[in-house]
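Asks: Provided herewith: protein-v2.pdb, PDB, C-alpha atoms.
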```pdb
ATOM      1  CA  MET A   1       4.088   1.105  -9.050  1.00  0.00           C
ATOM      2  CA  ARG A   2       7.238  -0.813  -9.972  1.00  0.00           C
ATOM      3  CA  ILE A   3       8.252  -3.704  -7.706  1.00  0.00           C
ATOM      4  CA  LEU A   4      11.413  -5.813  -7.630  1.00  0.00           C
ATOM      5  CA  LEU A   5      10.756  -9.414  -6.573  1.00  0.00           C
ATOM      6  CA  VAL A   6      13.938 -11.216  -5.484  1.00  0.00           C
ATOM      7  CA  GLU A   7      13.248 -14.951  -5.217  1.00  0.00           C
ATOM      8  CA  ASP A   8      15.442 -17.860  -6.334  1.00  0.00           C
ATOM      9  CA  HIS A   9      12.633 -20.446  -6.410  1.00  0.00           C
ATOM     10  CA  LEU A  10      11.539 -20.035 -10.028  1.00  0.00           C
ATOM     11  CA  GLU A  11       8.052 -21.516  -9.662  1.00  0.00           C
ATOM     12  CA  LEU A  12       7.258 -19.379  -6.624  1.00  0.00           C
ATOM     13  CA  SER A  13       8.720 -16.307  -8.318  1.00  0.00           C
ATOM     14  CA  HIS A  14       6.519 -16.837 -11.378  1.00  0.00           C
ATOM     15  CA  TRP A  15       3.404 -17.351  -9.238  1.00  0.00           C
ATOM     16  CA  LEU A  16       4.013 -14.266  -7.088  1.00  0.00           C
ATOM     17  CA  ALA A  17       4.876 -12.072 -10.076  1.00  0.00           C
ATOM     18  CA  LYS A  18       1.669 -13.067 -11.853  1.00  0.00           C
ATOM     19  CA  ALA A  19      -0.450 -12.382  -8.763  1.00  0.00           C
ATOM     20  CA  LEU A  20       1.091  -8.927  -8.307  1.00  0.00           C
ATOM     21  CA  ARG A  21       0.657  -8.076 -11.974  1.00  0.00           C
ATOM     22  CA  ASP A  22      -2.992  -9.103 -11.697  1.00  0.00           C
ATOM     23  CA  ALA A  23      -3.169  -6.505  -8.892  1.00  0.00           C
ATOM     24  CA  HIS A  24      -2.046  -3.846 -11.445  1.00  0.00           C
ATOM     25  CA  LEU A  25       1.590  -3.654 -10.359  1.00  0.00           C
ATOM     26  CA  THR A  26       4.636  -3.677 -12.636  1.00  0.00           C
ATOM     27  CA  VAL A  27       6.939  -6.458 -11.449  1.00  0.00           C
ATOM     28  CA  GLU A  28      10.562  -7.204 -12.284  1.00  0.00           C
ATOM     29  CA  THR A  29      12.293 -10.301 -10.969  1.00  0.00           C
ATOM     30  CA  ALA A  30      15.785 -11.290  -9.904  1.00  0.00           C
ATOM     31  CA  HIS A  31      16.778 -14.833  -8.936  1.00  0.00           C
ATOM     32  CA  ASN A  32      20.032 -14.242  -7.079  1.00  0.00           C
ATOM     33  CA  GLY A  33      21.460 -11.634  -4.764  1.00  0.00           C
ATOM     34  CA  ALA A  34      24.094 -10.308  -7.149  1.00  0.00           C
ATOM     35  CA  ASP A  35      21.549  -9.534  -9.872  1.00  0.00           C
ATOM     36  CA  ALA A  36      19.246  -7.904  -7.308  1.00  0.00           C
ATOM     37  CA  ASP A  37      22.098  -5.736  -6.008  1.00  0.00           C
ATOM     38  CA  ALA A  38      22.978  -4.630  -9.539  1.00  0.00           C
ATOM     39  CA  LEU A  39      19.367  -3.690 -10.326  1.00  0.00           C
ATOM     40  CA  LEU A  40      18.980  -1.777  -7.072  1.00  0.00           C
ATOM     41  CA  HIS A  41      22.159   0.133  -7.888  1.00  0.00           C
ATOM     42  CA  THR A  42      20.837   1.373 -11.250  1.00  0.00           C
ATOM     43  CA  GLN A  43      17.020   1.251 -11.137  1.00  0.00           C
ATOM     44  CA  GLU A  44      14.313   2.859  -9.007  1.00  0.00           C
ATOM     45  CA  TYR A  45      11.529   0.786  -7.458  1.00  0.00           C
ATOM     46  CA  SER A  46       8.538   1.537  -5.273  1.00  0.00           C
ATOM     47  CA  LEU A  47       9.075  -1.645  -3.242  1.00  0.00           C
ATOM     48  CA  VAL A  48      11.417  -4.634  -2.958  1.00  0.00           C
ATOM     49  CA  LEU A  49      10.200  -8.107  -1.978  1.00  0.00           C
ATOM     50  CA  LEU A  50      13.372  -9.836  -0.793  1.00  0.00           C
ATOM     51  CA  ASP A  51      14.086 -13.479  -0.042  1.00  0.00           C
ATOM     52  CA  LEU A  52      16.992 -14.073   2.345  1.00  0.00           C
ATOM     53  CA  THR A  53      18.420 -17.398   1.189  1.00  0.00           C
ATOM     54  CA  LEU A  54      19.784 -16.441  -2.217  1.00  0.00           C
ATOM     55  CA  PRO A  55      22.659 -17.677  -4.392  1.00  0.00           C
ATOM     56  CA  LYS A  56      25.653 -15.375  -5.085  1.00  0.00           C
ATOM     57  CA  MET A  57      24.722 -12.897  -2.337  1.00  0.00           C
ATOM     58  CA  ASP A  58      22.638 -13.346   0.814  1.00  0.00           C
ATOM     59  CA  GLY A  59      19.455 -11.301   1.103  1.00  0.00           C
ATOM     60  CA  LEU A  60      20.658  -9.559   4.241  1.00  0.00           C
ATOM     61  CA  ASP A  61      23.781  -8.425   2.374  1.00  0.00           C
ATOM     62  CA  VAL A  62      21.578  -7.102  -0.456  1.00  0.00           C
ATOM     63  CA  LEU A  63      19.574  -5.133   2.116  1.00  0.00           C
ATOM     64  CA  ARG A  64      22.691  -3.873   3.888  1.00  0.00           C
ATOM     65  CA  ARG A  65      24.206  -2.605   0.625  1.00  0.00           C
ATOM     66  CA  LEU A  66      20.915  -0.951  -0.403  1.00  0.00           C
ATOM     67  CA  ARG A  67      20.589   0.991   2.828  1.00  0.00           C
ATOM     68  CA  ALA A  68      24.270   2.003   2.753  1.00  0.00           C
ATOM     69  CA  ARG A  69      23.770   3.776  -0.587  1.00  0.00           C
ATOM     70  CA  GLY A  70      21.532   6.438   0.909  1.00  0.00           C
ATOM     71  CA  GLY A  71      19.595   8.836  -1.283  1.00  0.00           C
ATOM     72  CA  THR A  72      16.199   8.004  -2.751  1.00  0.00           C
ATOM     73  CA  ARG A  73      17.146   4.475  -3.811  1.00  0.00           C
ATOM     74  CA  GLY A  74      18.563   3.726  -0.380  1.00  0.00           C
ATOM     75  CA  LYS A  75      15.175   4.514   1.172  1.00  0.00           C
ATOM     76  CA  THR A  76      13.224   2.068  -1.027  1.00  0.00           C
ATOM     77  CA  PRO A  77      10.752   0.094   1.140  1.00  0.00           C
ATOM     78  CA  VAL A  78      11.774  -3.558   1.605  1.00  0.00           C
ATOM     79  CA  MET A  79       9.623  -6.493   2.672  1.00  0.00           C
ATOM     80  CA  ILE A  80      11.489  -9.671   3.568  1.00  0.00           C
ATOM     81  CA  LEU A  81       9.916 -12.944   2.407  1.00  0.00           C
ATOM     82  CA  THR A  82      11.693 -15.990   3.787  1.00  0.00           C
ATOM     83  CA  ALA A  83      11.386 -19.526   5.088  1.00  0.00           C
ATOM     84  CA  ARG A  84      13.900 -18.670   7.808  1.00  0.00           C
ATOM     85  CA  GLY A  85      11.751 -18.483  10.888  1.00  0.00           C
ATOM     86  CA  GLY A  86      14.363 -17.583  13.487  1.00  0.00           C
ATOM     87  CA  LEU A  87      13.752 -14.533  15.663  1.00  0.00           C
ATOM     88  CA  ASP A  88      17.407 -13.457  15.423  1.00  0.00           C
ATOM     89  CA  GLU A  89      17.298 -13.185  11.639  1.00  0.00           C
ATOM     90  CA  LYS A  90      13.985 -11.329  11.759  1.00  0.00           C
ATOM     91  CA  VAL A  91      15.427  -8.829  14.233  1.00  0.00           C
ATOM     92  CA  GLN A  92      18.607  -8.510  12.165  1.00  0.00           C
ATOM     93  CA  GLY A  93      16.617  -7.814   9.005  1.00  0.00           C
ATOM     94  CA  LEU A  94      14.506  -5.165  10.696  1.00  0.00           C
ATOM     95  CA  ASN A  95      17.584  -3.592  12.269  1.00  0.00           C
ATOM     96  CA  LEU A  96      19.215  -3.411   8.843  1.00  0.00           C
ATOM     97  CA  GLY A  97      16.257  -1.390   7.580  1.00  0.00           C
ATOM     98  CA  ALA A  98      13.598  -3.837   6.385  1.00  0.00           C
ATOM     99  CA  ASP A  99      10.109  -2.346   6.605  1.00  0.00           C
ATOM    100  CA  ASP A 100       8.146  -5.570   6.997  1.00  0.00           C
ATOM    101  CA  TYR A 101       8.684  -9.322   7.290  1.00  0.00           C
ATOM    102  CA  MET A 102       6.619 -12.326   6.192  1.00  0.00           C
ATOM    103  CA  ALA A 103       7.533 -15.948   6.871  1.00  0.00           C
ATOM    104  CA  LYS A 104       6.840 -18.603   4.246  1.00  0.00           C
ATOM    105  CA  PRO A 105       4.396 -20.118   3.664  1.00  0.00           C
ATOM    106  CA  PHE A 106       2.014 -17.144   3.609  1.00  0.00           C
ATOM    107  CA  GLU A 107      -1.424 -16.345   2.259  1.00  0.00           C
ATOM    108  CA  LEU A 108      -1.440 -14.355  -0.965  1.00  0.00           C
ATOM    109  CA  ALA A 109      -4.265 -12.108   0.255  1.00  0.00           C
ATOM    110  CA  GLU A 110      -2.191 -11.056   3.275  1.00  0.00           C
ATOM    111  CA  LEU A 111       0.866 -10.393   1.100  1.00  0.00           C
ATOM    112  CA  GLU A 112      -1.156  -8.192  -1.270  1.00  0.00           C
ATOM    113  CA  ALA A 113      -2.631  -6.270   1.682  1.00  0.00           C
ATOM    114  CA  ARG A 114       0.804  -5.663   3.200  1.00  0.00           C
ATOM    115  CA  VAL A 115       2.269  -4.640  -0.155  1.00  0.00           C
ATOM    116  CA  LYS A 116      -0.495  -2.071  -0.635  1.00  0.00           C
ATOM    117  CA  ALA A 117      -0.004  -0.787   2.918  1.00  0.00           C
ATOM    118  CA  LEU A 118       3.739  -0.319   2.370  1.00  0.00           C
ATOM    119  CA  LEU A 119       3.156   1.445  -0.930  1.00  0.00           C
ATOM    120  CA  ARG A 120       0.633   3.806   0.684  1.00  0.00           C
ATOM    121  CA  ARG A 121       3.012   4.500   3.562  1.00  0.00           C
ATOM    122  CA  SER A 122       5.863   5.283   1.156  1.00  0.00           C
ATOM    123  CA  GLN A 123       3.661   7.887  -0.552  1.00  0.00           C
ATOM    124  CA  GLY A 124       3.578   9.888   2.677  1.00  0.00           C
ATOM    125  CA  ASN A 125       0.657  12.298   2.864  1.00  0.00           C
ATOM    126  CA  GLU A 126      -0.517  11.808  -0.713  1.00  0.00           C
ATOM    127  CA  ALA A 127      -4.247  11.407  -1.144  1.00  0.00           C
ATOM    128  CA  LEU A 128      -5.750   7.930  -0.943  1.00  0.00           C
ATOM    129  CA  VAL A 129      -8.034   8.862  -3.837  1.00  0.00           C
ATOM    130  CA  HIS A 130      -6.725  10.777  -6.846  1.00  0.00           C
ATOM    131  CA  THR A 131      -9.228  12.554  -9.083  1.00  0.00           C
ATOM    132  CA  CYS A 132      -9.187  14.277 -12.437  1.00  0.00           C
ATOM    133  CA  GLY A 133     -12.629  15.507 -13.374  1.00  0.00           C
ATOM    134  CA  ALA A 134     -14.955  12.496 -13.484  1.00  0.00           C
ATOM    135  CA  LEU A 135     -12.020  10.086 -13.257  1.00  0.00           C
ATOM    136  CA  SER A 136     -10.912   8.769  -9.874  1.00  0.00           C
ATOM    137  CA  PHE A 137      -8.294   6.285  -8.684  1.00  0.00           C
ATOM    138  CA  ASP A 138      -8.509   4.636  -5.254  1.00  0.00           C
ATOM    139  CA  THR A 139      -5.006   3.751  -4.071  1.00  0.00           C
ATOM    140  CA  VAL A 140      -6.374   1.283  -1.511  1.00  0.00           C
ATOM    141  CA  THR A 141      -8.441  -0.844  -3.894  1.00  0.00           C
ATOM    142  CA  ARG A 142      -6.247   0.183  -6.878  1.00  0.00           C
ATOM    143  CA  MET A 143      -9.393   0.589  -8.967  1.00  0.00           C
ATOM    144  CA  PHE A 144     -10.363   3.341 -11.405  1.00  0.00           C
ATOM    145  CA  SER A 145     -13.877   4.703 -11.802  1.00  0.00           C
ATOM    146  CA  TYR A 146     -15.155   7.100 -14.433  1.00  0.00           C
ATOM    147  CA  GLY A 147     -18.380   8.980 -14.023  1.00  0.00           C
ATOM    148  CA  GLY A 148     -19.127   6.783 -11.015  1.00  0.00           C
ATOM    149  CA  ALA A 149     -18.752   3.492 -12.916  1.00  0.00           C
ATOM    150  CA  PRO A 150     -15.800   1.075 -12.851  1.00  0.00           C
ATOM    151  CA  LEU A 151     -13.355   1.685 -15.710  1.00  0.00           C
ATOM    152  CA  PRO A 152     -12.112  -1.579 -17.274  1.00  0.00           C
ATOM    153  CA  LEU A 153      -8.416  -1.449 -18.105  1.00  0.00           C
ATOM    154  CA  THR A 154      -5.727  -3.929 -19.060  1.00  0.00           C
ATOM    155  CA  PRO A 155      -2.713  -4.059 -16.680  1.00  0.00           C
ATOM    156  CA  ARG A 156      -0.604  -1.811 -18.923  1.00  0.00           C
ATOM    157  CA  GLU A 157      -3.436   0.619 -19.593  1.00  0.00           C
ATOM    158  CA  HIS A 158      -3.880   0.749 -15.814  1.00  0.00           C
ATOM    159  CA  ALA A 159      -0.174   1.484 -15.313  1.00  0.00           C
ATOM    160  CA  VAL A 160      -0.250   4.302 -17.880  1.00  0.00           C
ATOM    161  CA  LEU A 161      -3.305   5.934 -16.358  1.00  0.00           C
ATOM    162  CA  GLU A 162      -2.019   5.537 -12.800  1.00  0.00           C
ATOM    163  CA  ALA A 163       1.230   7.271 -13.716  1.00  0.00           C
ATOM    164  CA  LEU A 164      -0.759  10.146 -15.221  1.00  0.00           C
ATOM    165  CA  ILE A 165      -3.445  10.593 -12.561  1.00  0.00           C
ATOM    166  CA  THR A 166      -0.976  10.545  -9.666  1.00  0.00           C
ATOM    167  CA  ARG A 167       0.707  13.474 -11.423  1.00  0.00           C
ATOM    168  CA  SER A 168      -2.499  15.087 -12.668  1.00  0.00           C
ATOM    169  CA  GLY A 169      -1.869  18.562 -13.996  1.00  0.00           C
ATOM    170  CA  ARG A 170       1.833  17.848 -14.575  1.00  0.00           C
ATOM    171  CA  ALA A 171       3.477  16.585 -17.742  1.00  0.00           C
ATOM    172  CA  VAL A 172       4.889  13.049 -17.654  1.00  0.00           C
ATOM    173  CA  SER A 173       7.616  12.201 -20.143  1.00  0.00           C
ATOM    174  CA  LYS A 174       7.364   9.210 -22.454  1.00  0.00           C
ATOM    175  CA  GLU A 175      10.530   7.819 -20.842  1.00  0.00           C
ATOM    176  CA  LYS A 176       9.009   8.009 -17.351  1.00  0.00           C
ATOM    177  CA  LEU A 177       5.836   6.278 -18.519  1.00  0.00           C
ATOM    178  CA  PHE A 178       7.881   3.564 -20.184  1.00  0.00           C
ATOM    179  CA  ASP A 179       9.814   2.898 -16.954  1.00  0.00           C
ATOM    180  CA  GLU A 180       6.595   2.564 -14.956  1.00  0.00           C
ATOM    181  CA  VAL A 181       4.674   0.455 -17.484  1.00  0.00           C
ATOM    182  CA  PHE A 182       7.269  -2.022 -18.706  1.00  0.00           C
ATOM    183  CA  ALA A 183       9.618  -4.306 -16.812  1.00  0.00           C
ATOM    184  CA  LEU A 184      13.234  -4.560 -17.964  1.00  0.00           C
ATOM    185  CA  ALA A 185      12.607  -8.034 -19.361  1.00  0.00           C
ATOM    186  CA  ASP A 186       9.721  -6.871 -21.588  1.00  0.00           C
ATOM    187  CA  ASP A 187      10.383  -6.754 -25.310  1.00  0.00           C
ATOM    188  CA  ALA A 188       9.136  -3.215 -25.980  1.00  0.00           C
ATOM    189  CA  ASN A 189      10.370   0.193 -27.050  1.00  0.00           C
ATOM    190  CA  LEU A 190       9.282   3.773 -26.393  1.00  0.00           C
ATOM    191  CA  ASP A 191       6.840   3.748 -29.307  1.00  0.00           C
ATOM    192  CA  ALA A 192       4.707   1.214 -27.410  1.00  0.00           C
ATOM    193  CA  ILE A 193       3.668   4.008 -25.030  1.00  0.00           C
ATOM    194  CA  GLU A 194       1.859   5.776 -27.871  1.00  0.00           C
ATOM    195  CA  LEU A 195      -0.237   2.646 -28.445  1.00  0.00           C
ATOM    196  CA  TYR A 196      -1.353   2.503 -24.821  1.00  0.00           C
ATOM    197  CA  ILE A 197      -1.987   6.252 -24.677  1.00  0.00           C
ATOM    198  CA  HIS A 198      -4.270   5.821 -27.711  1.00  0.00           C
ATOM    199  CA  ARG A 199      -6.140   2.945 -26.061  1.00  0.00           C
ATOM    200  CA  VAL A 200      -6.642   4.839 -22.791  1.00  0.00           C
ATOM    201  CA  ARG A 201      -7.842   7.929 -24.654  1.00  0.00           C
ATOM    202  CA  LYS A 202     -10.512   5.832 -26.364  1.00  0.00           C
ATOM    203  CA  LYS A 203     -11.772   4.634 -22.983  1.00  0.00           C
ATOM    204  CA  LEU A 204     -11.894   8.190 -21.637  1.00  0.00           C
ATOM    205  CA  GLU A 205     -13.726   9.678 -24.623  1.00  0.00           C
ATOM    206  CA  SER A 206     -16.613  11.884 -23.497  1.00  0.00           C
ATOM    207  CA  ASP A 207     -18.153  15.251 -24.341  1.00  0.00           C
ATOM    208  CA  ALA A 208     -18.832  16.003 -20.689  1.00  0.00           C
ATOM    209  CA  PRO A 209     -17.071  19.104 -19.260  1.00  0.00           C
ATOM    210  CA  ASP A 210     -15.618  16.966 -16.456  1.00  0.00           C
ATOM    211  CA  ALA A 211     -14.188  14.382 -18.870  1.00  0.00           C
ATOM    212  CA  ALA A 212     -10.524  13.456 -18.330  1.00  0.00           C
ATOM    213  CA  VAL A 213      -8.356  14.263 -21.339  1.00  0.00           C
ATOM    214  CA  ILE A 214      -4.795  13.190 -22.174  1.00  0.00           C
ATOM    215  CA  THR A 215      -2.953  15.908 -24.082  1.00  0.00           C
ATOM    216  CA  THR A 216       0.288  15.324 -25.978  1.00  0.00           C
ATOM    217  CA  LEU A 217       2.898  18.025 -25.328  1.00  0.00           C
ATOM    218  CA  ARG A 218       5.393  17.810 -28.152  1.00  0.00           C
ATOM    219  CA  GLY A 219       8.903  17.136 -26.914  1.00  0.00           C
ATOM    220  CA  ILE A 220       7.727  17.085 -23.280  1.00  0.00           C
ATOM    221  CA  GLY A 221       5.323  14.208 -22.680  1.00  0.00           C
ATOM    222  CA  TYR A 222       1.673  13.708 -21.782  1.00  0.00           C
ATOM    223  CA  LEU A 223      -0.668  15.687 -19.538  1.00  0.00           C
ATOM    224  CA  LEU A 224      -3.877  14.436 -17.896  1.00  0.00           C
ATOM    225  CA  GLN A 225      -6.406  17.147 -17.042  1.00  0.00           C
ATOM    226  CA  PRO A 226     -10.176  17.675 -16.921  1.00  0.00           C
ATOM    227  CA  ARG A 227     -11.678  19.135 -20.096  1.00  0.00           C
ATOM    228  CA  SER A 228     -12.876  22.146 -18.072  1.00  0.00           C
ATOM    229  CA  ALA A 229      -9.239  23.077 -17.297  1.00  0.00           C
ATOM    230  CA  MET A 230      -8.143  23.097 -20.912  1.00  0.00           C
ATOM    231  CA  ALA A 231      -7.616  26.379 -22.737  1.00  0.00           C
ATOM    232  CA  PRO A 232     -10.357  27.054 -25.302  1.00  0.00           C
ATOM    233  CA  ALA A 233      -9.429  26.426 -28.886  1.00  0.00           C
ATOM    234  CA  ALA A 234      -8.436  29.465 -30.877  1.00  0.00           C
ATOM    235  CA  PRO A 235     -11.084  30.654 -33.362  1.00  0.00           C
ATOM    236  CA  LYS A 236     -10.463  29.700 -36.957  1.00  0.00           C
TER     237      LYS A 236
END
```
Here is the file; what I need is its structure written in the form of structure tokens.

Replies:
Amino acid sequence: MRILLVEDHLELSHWLAKALRDAHLTVETAHNGADADALLHTQEYSLVLLDLTLPKMDGLDVLRRLRARGGTRGKTPVMILTARGGLDEKVQGLNLGADDYMAKPFELAELEARVKALLRRSQGNEALVHTCGALSFDTVTRMFSYGGAPLPLTPREHAVLEALITRSGRAVSKEKLFDEVFALADDANLDAIELYIHRVRKKLESDAPDAAVITTLRGIGYLLQPRSAMAPAAPK
């Protein structure tokens, strides 16, 4: 889940980004409206957290331009975060297409709960729990379990495995994984995905028939499937 946080207060932006990353979300930041508008024109996000009082372009103008684009990007869920407490601006934001609204100051626990609710809603009728053999991912708690026990993962390992299990049985390209795991500001290249795939494979290692296995499909990407669904090896 890739989120764009648009907040011009640098200390608050850093604090919120860290909290969301600790909740296993990939977060990119913008500190003015013009940069946010440019990112929303070229990148795809699962959610936008949008301040209203921004330099270079007001948050409401960013929202208006996003919704006017239409298509998939134009439908990106938006939560407004602002110190403006006026009813008129709240109504205007919602009328322009905002999906939720939180006034500053707010409690982090409530923000995280609302973010998760918006992300679930944007997934439509997708299952709340994704499974692949003995591996399961709860989209409400955002926790993985394997064989009934919690599976410890670093934030980037979590992002890799989430991208795979939510598309279980379908190949995911290295480029798609890279987009979901790394923010634009991260100093990384495509080869970094292979490192995290290797680390996740080590944590999934098991001889059980319901073990989850990541298969490399040359020139296509990576496929997560239960061992029982794999074709038997050809005899030597």

Asks: Given the file shown, determine the residues that the PyMOL selection byres ((chain A and resi 146-154) around 10) selects; report them as a PyMOL selection string.

Replies: chain A and resi 22+24+131-137+143-145+155-161+196+199-200+203-204+208+210-212

Asks: So, with only C-alpha atoms as the atoms that count, which of A:Val91, A:Val78, A:Ala229, A:Ala30 lies closest to Leu47 in chain A?

Replies: A:Val78

Asks: My list of candidates is A:Arg121, A:Lys104, A:Arg218, A:Arg65. Which is closest to Ala36 in chain A when distances are computed with only C-alpha atoms?

Replies: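 The shortest atom-to-atom distance to Ala36 in chain A comes from A:Arg65.
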
Asks: Could you tell me which of A:Ser206, A:Asn32, A:Thr26, A:Thr82 comes closest to Val62 in chain A if we count only C-alpha atoms?

Replies: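 Among the listed residues, the smallest separation from Val62 in chain A belongs to A:Asn32.
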
Asks: Pull out every residue that the PyMOL selection byres ((chain A and resi 37-42) around 9) matches in the shown coordinates and put them as an MDAnalysis selection string.

Replies: chainID A and resid 4 30 32:36 43:45 57 61:63 65:66 69 73:74

Asks: Please list as number ranges by chain every residue within 12 Å of Glu28 in chain A, counting only C-alpha atoms and excluding residues in the same chain fewer than 2 positions away.

Replies: A: 1-7, 13-14, 16-18, 20-21, 25-26, 30-31, 35-36, 39-40, 43-49, 179-186

Asks: For CA of Val213 in chain A and CA of Glu194 in chain A, quote the distance in Å rounded to one decimal.

Replies: 14.8 Å

Asks: Once you count only C-alpha atoms, which residues end up no further than 10 Å from (0.8, -10.0, -1.4) in the file's frame, shown as a PyMOL selection string?

Replies: chain A and resi 16-17+19-20+23+49+102+106-116

Asks: Assuming the input is short of atoms at range 173-180 of chain A, produce all heavy atoms for that part as a compact mmCIF listing (two decimals), in the frame of the given file.

Replies:
```
# COMPACT_ATOMS: atom_id res chain seq x y z
N SER A 173 6.87 12.51 -18.93
CA SER A 173 7.62 12.20 -20.14
C SER A 173 7.33 10.78 -20.61
O SER A 173 6.95 9.91 -19.82
CB SER A 173 9.12 12.38 -19.92
OG SER A 173 9.61 11.36 -19.05
N LYS A 174 7.54 10.55 -21.89
CA LYS A 174 7.36 9.21 -22.45
C LYS A 174 8.33 8.23 -21.78
O LYS A 174 7.97 7.08 -21.51
CB LYS A 174 7.60 9.24 -23.96
CG LYS A 174 7.35 7.89 -24.64
CD LYS A 174 7.69 7.92 -26.12
CE LYS A 174 6.72 8.78 -26.90
NZ LYS A 174 6.96 8.67 -28.38
N GLU A 175 9.54 8.69 -21.48
CA GLU A 175 10.53 7.82 -20.84
C GLU A 175 10.08 7.40 -19.45
O GLU A 175 10.24 6.24 -19.05
CB GLU A 175 11.89 8.53 -20.76
CG GLU A 175 12.57 8.75 -22.09
CD GLU A 175 12.00 9.93 -22.88
OE1 GLU A 175 11.17 10.68 -22.31
OE2 GLU A 175 12.38 10.10 -24.04
N LYS A 176 9.49 8.34 -18.69
CA LYS A 176 9.01 8.01 -17.35
C LYS A 176 7.85 7.02 -17.42
O LYS A 176 7.79 6.06 -16.64
CB LYS A 176 8.57 9.29 -16.64
CG LYS A 176 8.07 9.07 -15.21
CD LYS A 176 9.18 8.56 -14.31
CE LYS A 176 8.71 8.47 -12.87
NZ LYS A 176 9.75 7.87 -11.99
N LEU A 177 6.94 7.22 -18.35
CA LEU A 177 5.84 6.28 -18.52
C LEU A 177 6.36 4.89 -18.88
O LEU A 177 5.89 3.88 -18.35
CB LEU A 177 4.88 6.77 -19.61
CG LEU A 177 3.93 7.90 -19.24
CD1 LEU A 177 3.13 8.32 -20.47
CD2 LEU A 177 2.98 7.47 -18.13
N PHE A 178 7.32 4.85 -19.77
CA PHE A 178 7.88 3.56 -20.18
C PHE A 178 8.46 2.82 -18.98
O PHE A 178 8.24 1.62 -18.81
CB PHE A 178 8.96 3.78 -21.25
CG PHE A 178 9.52 2.50 -21.81
CD1 PHE A 178 8.89 1.86 -22.87
CD2 PHE A 178 10.67 1.94 -21.28
CE1 PHE A 178 9.40 0.68 -23.39
CE2 PHE A 178 11.19 0.76 -21.79
CZ PHE A 178 10.56 0.13 -22.85
N ASP A 179 9.20 3.53 -18.13
CA ASP A 179 9.81 2.90 -16.95
C ASP A 179 8.77 2.33 -16.02
O ASP A 179 8.99 1.30 -15.37
CB ASP A 179 10.69 3.90 -16.20
CG ASP A 179 11.98 4.22 -16.94
OD1 ASP A 179 12.34 3.45 -17.85
OD2 ASP A 179 12.62 5.24 -16.61
N GLU A 180 7.61 3.00 -15.91
CA GLU A 180 6.60 2.56 -14.96
C GLU A 180 5.67 1.49 -15.53
O GLU A 180 5.05 0.75 -14.78
CB GLU A 180 5.78 3.77 -14.49
CG GLU A 180 6.62 4.78 -13.75
CD GLU A 180 5.82 5.66 -12.81
OE1 GLU A 180 4.66 5.33 -12.54
OE2 GLU A 180 6.37 6.67 -12.36
```
